[in-house]
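File shown: target-v3.txt (compact mmCIF, C-alpha atoms).
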```txt
# COMPACT_ATOMS: atom_id res chain seq x y z
CA MET V 9 100.47 113.09 114.63
CA ASP V 10 101.02 115.38 111.69
CA LYS V 11 100.72 113.24 108.54
CA MET V 12 103.75 114.83 106.83
CA LYS V 13 105.93 114.32 109.89
CA LEU V 14 104.83 110.70 110.20
CA HIS V 15 105.48 110.07 106.49
CA PHE V 16 108.94 111.63 106.85
CA GLU V 17 109.80 109.51 109.90
CA LEU V 18 108.67 106.31 108.17
CA THR V 19 110.61 107.24 105.04
CA GLU V 20 113.70 107.81 107.19
CA LEU V 21 113.25 104.32 108.72
CA GLN V 22 112.94 102.76 105.26
CA THR V 23 115.93 104.73 103.95
CA GLY V 24 118.08 103.63 106.89
CA TYR V 25 116.96 100.02 106.43
CA VAL V 26 117.94 99.81 102.75
CA ALA V 27 121.15 101.81 103.32
CA ALA V 28 122.29 99.28 105.93
CA ILE V 29 121.85 96.48 103.38
CA ASP V 30 123.28 98.40 100.41
CA ASP V 31 126.29 99.52 102.48
CA GLU V 32 126.83 95.93 103.72
CA ARG V 33 126.24 96.90 107.35
CA PHE V 34 124.32 93.67 107.87
CA GLU V 35 124.95 93.63 111.61
CA ASP V 36 122.76 96.76 111.81
CA TRP V 37 119.88 95.10 109.93
CA PRO V 38 118.18 93.47 112.98
CA ASN V 39 118.17 96.80 114.82
CA PHE V 40 115.45 98.12 112.49
CA PHE V 41 113.06 95.56 114.06
CA THR V 42 111.48 95.07 117.45
CA PRO V 43 113.03 92.20 119.46
CA ASP V 44 110.13 89.95 118.40
CA GLY V 45 109.87 91.38 114.86
CA ASN V 46 109.25 89.17 111.84
CA TYR V 47 110.93 89.35 108.44
CA GLU V 48 109.83 87.41 105.37
CA ILE V 49 110.60 87.24 101.67
CA ILE V 50 107.70 85.56 99.90
CA PRO V 51 106.60 85.19 96.26
CA ARG V 52 103.45 87.09 95.27
CA GLU V 53 101.69 83.87 94.20
CA ASN V 54 102.15 82.29 97.62
CA PHE V 55 101.06 85.47 99.37
CA ALA V 56 97.91 85.74 97.23
CA GLN V 57 96.96 82.14 98.02
CA GLY V 58 97.69 82.43 101.73
CA LEU V 59 100.56 79.96 101.48
CA PRO V 60 103.33 80.51 104.04
CA ALA V 61 106.23 79.14 101.95
CA GLY V 62 108.79 81.81 101.21
CA LEU V 63 112.49 82.21 100.59
CA MET V 64 113.47 83.64 103.95
CA HIS V 65 111.75 83.79 107.33
CA CYS V 66 113.25 85.30 110.44
CA PHE V 67 111.20 85.37 113.62
CA GLY V 68 112.83 87.82 116.02
CA GLN V 69 116.09 89.74 116.14
CA THR V 70 117.94 86.69 117.47
CA MET V 71 117.13 84.71 114.32
CA MET V 72 118.12 87.72 112.18
CA ARG V 73 121.46 87.98 113.97
CA ASP V 74 122.04 84.24 113.42
CA ARG V 75 121.34 84.82 109.72
CA VAL V 76 123.99 87.54 109.60
CA VAL V 77 126.57 85.37 111.39
CA SER V 78 125.82 82.50 109.00
CA MET V 79 126.12 84.82 106.01
CA ARG V 80 129.44 86.23 107.23
CA GLU V 81 131.03 82.97 108.41
CA ALA V 82 129.40 79.93 106.83
CA ASN V 83 127.83 80.75 103.47
CA VAL V 84 129.96 80.67 100.32
CA PHE V 85 128.72 82.89 97.49
CA HIS V 86 130.03 85.17 94.76
CA ALA V 87 130.79 88.67 95.94
CA HIS V 88 127.82 90.87 95.11
CA THR V 89 126.22 94.10 96.15
CA TYR V 90 122.67 95.40 96.16
CA ARG V 91 121.26 98.81 95.44
CA HIS V 92 117.65 99.43 96.50
CA PHE V 93 115.19 101.82 94.91
CA VAL V 94 112.10 102.31 97.07
CA SER V 95 109.07 104.38 96.14
CA GLY V 96 105.42 105.01 96.83
CA LEU V 97 105.33 104.71 100.62
CA GLU V 98 101.63 104.54 101.52
CA ILE V 99 100.23 104.73 105.01
CA LEU V 100 97.36 102.25 104.95
CA SER V 101 96.28 102.62 108.57
CA GLN V 102 97.56 104.15 111.74
CA SER V 103 97.00 104.46 115.44
CA ALA V 104 99.07 106.36 117.99
CA ASP V 105 101.77 103.67 118.19
CA GLU V 106 101.31 101.46 115.10
CA VAL V 107 101.32 102.16 111.38
CA VAL V 108 100.66 99.80 108.48
CA THR V 109 102.52 100.76 105.30
CA ARG V 110 103.10 99.56 101.78
CA SER V 111 105.86 100.61 99.39
CA ASN V 112 107.43 99.42 96.14
CA TYR V 113 110.99 98.18 95.82
CA LEU V 114 113.45 97.37 93.07
CA VAL V 115 116.76 95.73 93.94
CA MET V 116 119.64 95.85 91.48
CA ARG V 117 122.49 93.38 92.00
CA THR V 118 126.08 93.69 90.85
CA VAL V 119 128.14 90.48 90.92
CA ASN V 120 131.94 90.70 90.97
CA GLU V 121 131.80 94.39 89.97
CA LEU V 122 130.36 93.56 86.54
CA ASN V 123 127.07 94.80 85.09
CA ALA V 124 124.12 95.43 87.37
CA ASP V 125 120.98 93.35 86.81
CA VAL V 126 117.48 93.51 88.21
CA PHE V 127 117.56 91.07 91.10
CA GLN V 128 114.12 91.47 92.57
CA VAL V 129 111.09 93.69 92.28
CA GLY V 130 108.09 93.76 94.56
CA ARG V 131 106.51 95.51 97.49
CA TYR V 132 107.08 95.81 101.20
CA ASP V 133 104.09 95.27 103.48
CA ASP V 134 105.14 96.59 106.87
CA ILE V 135 103.80 96.99 110.37
CA VAL V 136 105.78 99.70 112.13
CA VAL V 137 105.52 100.44 115.84
CA ARG V 138 106.73 103.27 118.04
CA THR V 139 109.37 102.19 120.56
CA ASP V 140 111.60 104.03 123.01
CA ALA V 141 114.28 103.92 120.28
CA GLY V 142 111.94 105.33 117.62
CA TRP V 143 109.93 103.59 114.89
CA ARG V 144 110.79 99.92 114.34
CA TYR V 145 109.40 97.14 112.18
CA ARG V 146 107.22 94.63 113.96
CA SER V 147 106.76 92.92 110.63
CA LYS V 148 108.42 93.45 107.27
CA ARG V 149 107.25 91.31 104.39
CA ALA V 150 108.99 91.57 101.01
CA ILE V 151 106.51 90.22 98.45
CA TYR V 152 108.40 89.76 95.22
CA GLU V 153 107.01 89.71 91.67
CA ASN V 154 109.78 87.77 89.92
CA ALA V 155 108.86 84.40 88.49
CA ARG V 156 112.05 83.05 90.01
CA VAL V 157 115.13 84.13 91.92
CA ASP V 158 118.12 83.23 89.79
CA THR V 159 120.68 82.69 92.54
CA LEU V 160 121.07 81.79 96.17
CA LEU V 161 119.33 84.42 98.27
CA VAL V 162 121.73 85.17 101.10
CA ILE V 163 121.29 88.86 101.85
CA PRO V 164 117.94 90.23 103.03
CA VAL V 165 116.12 92.53 100.62
```

Mind turning this structure into structure tokens?
Amino acid sequence: MDKMKLHFELTELQTGYVAAIDDERFEDWPNFFTPDGNYEIIPRENFAQGLPAGLMHCFGQTMMRDRVVSMREANVFHAHTYRHFVSGLEILSQSADEVVTRSNYLVMRTVNELNADVFQVGRYDDIVVRTDAGWRYRSKRAIYENARVDTLLVIPV
């Protein structure tokens, strides 16, 4: 596949992914994954040491959809919004139907329409596969650099 076309298609997937979160279309979030896709948010220190403990783990679209229902109906948290800034999409390896990528992310958070603060900064390590519906994440791992997360993490990054 033409490298520029592939890069464009993967960038479009990433852009759609963060737009769904930023626009609070959380019900769309699981659709960016394969049915058995994995999603994790994990601190860089744990990742570097091979430790599995993270802040959020969803194994499959069903678990992601449960997370959204819980967030919408059960969790109580201050109203807040995210705005993602993603850069540096690298294609680390590729075959005809699978691509391994890495990109940087910065998430700004605005609580109760007040000032925006840096919420999280890190990188995405992704495995993306071709499906009948287009490219989808088989695995998306958000590896964050922050020393701590200063509030309840409800919304996926």

Mind checking which residues fall within 12 Å of V:Arg110, counting all atoms listed in the file, ignoring those fewer than 5 positions away in the same chain, and posting them as a CSV table (one decimal) with C-alpha atoms, keeping the file's coordinate frame?
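Output (around_33.csv):
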```
chain,number,residue,atom,x,y,z
V,15,HIS,CA,105.5,110.1,106.5
V,18,LEU,CA,108.7,106.3,108.2
V,19,THR,CA,110.6,107.2,105.0
V,22,GLN,CA,112.9,102.8,105.3
V,94,VAL,CA,112.1,102.3,97.1
V,95,SER,CA,109.1,104.4,96.1
V,96,GLY,CA,105.4,105.0,96.8
V,97,LEU,CA,105.3,104.7,100.6
V,98,GLU,CA,101.6,104.5,101.5
V,99,ILE,CA,100.2,104.7,105.0
V,100,LEU,CA,97.4,102.2,105.0
V,101,SER,CA,96.3,102.6,108.6
V,130,GLY,CA,108.1,93.8,94.6
V,131,ARG,CA,106.5,95.5,97.5
V,132,TYR,CA,107.1,95.8,101.2
V,133,ASP,CA,104.1,95.3,103.5
V,134,ASP,CA,105.1,96.6,106.9
V,135,ILE,CA,103.8,97.0,110.4
V,136,VAL,CA,105.8,99.7,112.1
V,147,SER,CA,106.8,92.9,110.6
V,148,LYS,CA,108.4,93.4,107.3
V,149,ARG,CA,107.2,91.3,104.4
V,150,ALA,CA,109.0,91.6,101.0
V,151,ILE,CA,106.5,90.2,98.4
```

**Item:** Nearby residues (only C-alpha atoms) at most 8 Å from stretch 117-125 of chain V, same-chain spacing under 3 positions excluded, as a PyMOL selection string
**Value:** chain V and resi 86-91

**Message:** When you count only C-alpha atoms, which of these residues is closest to V:Ser111: V:Phe127, V:Thr23, V:Phe55, V:Lys11?
**Reply:**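 Smallest separation from V:Ser111 among the options: V:Thr23.
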
**Asked** What is the distance between atom CA of V:Asp74 and atom CA of V:Phe34, in Å to one decimal?
**Response**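 That distance, rounded to one decimal, is 11.2 Å.
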
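Atom CA of V:Ser78 is positioned 16.3 Å from atom CA of V:Val165.
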
**atom CA of V:Asn54 to atom CA of V:Trp37, distance in Å rounded to a single decimal** = 25.1 Å

**Nearest candidate to V:Arg80 (options V:Gly45, V:Val126, V:Glu32, V:Ala104; using all atoms listed in the file)** = V:Glu32

**Request:** Select, from V:Thr109, V:Thr139, V:Asn154, V:Ser103, the residue with the minimum atom-to-atom distance to V:Ile49, counting all atoms listed in the file.
**Result:** V:Asn154

Find the residues near V:Val129: any atom within 6 Å, counting all atoms listed in the file, skip ones fewer than 5 places away on the same chain, and give them as an mmCIF file with C-alpha atoms, keeping the file's coordinate frame.
```
data_model
loop_
_atom_site.group_PDB
_atom_site.id
_atom_site.type_symbol
_atom_site.label_atom_id
_atom_site.label_comp_id
_atom_site.auth_asym_id
_atom_site.auth_seq_id
_atom_site.Cartn_x
_atom_site.Cartn_y
_atom_site.Cartn_z
ATOM 1 C CA TYR V 113 110.990 98.180 95.820
ATOM 2 C CA LEU V 114 113.450 97.370 93.070
ATOM 3 C CA TYR V 152 108.400 89.760 95.220
ATOM 4 C CA GLU V 153 107.010 89.710 91.670
#
```

**Request:** Could you check which of V:Pro51, V:Gly62, V:Gly24, V:Gly68 is closest to V:Ala155, using all atoms listed in the file?
**Result:** V:Pro51
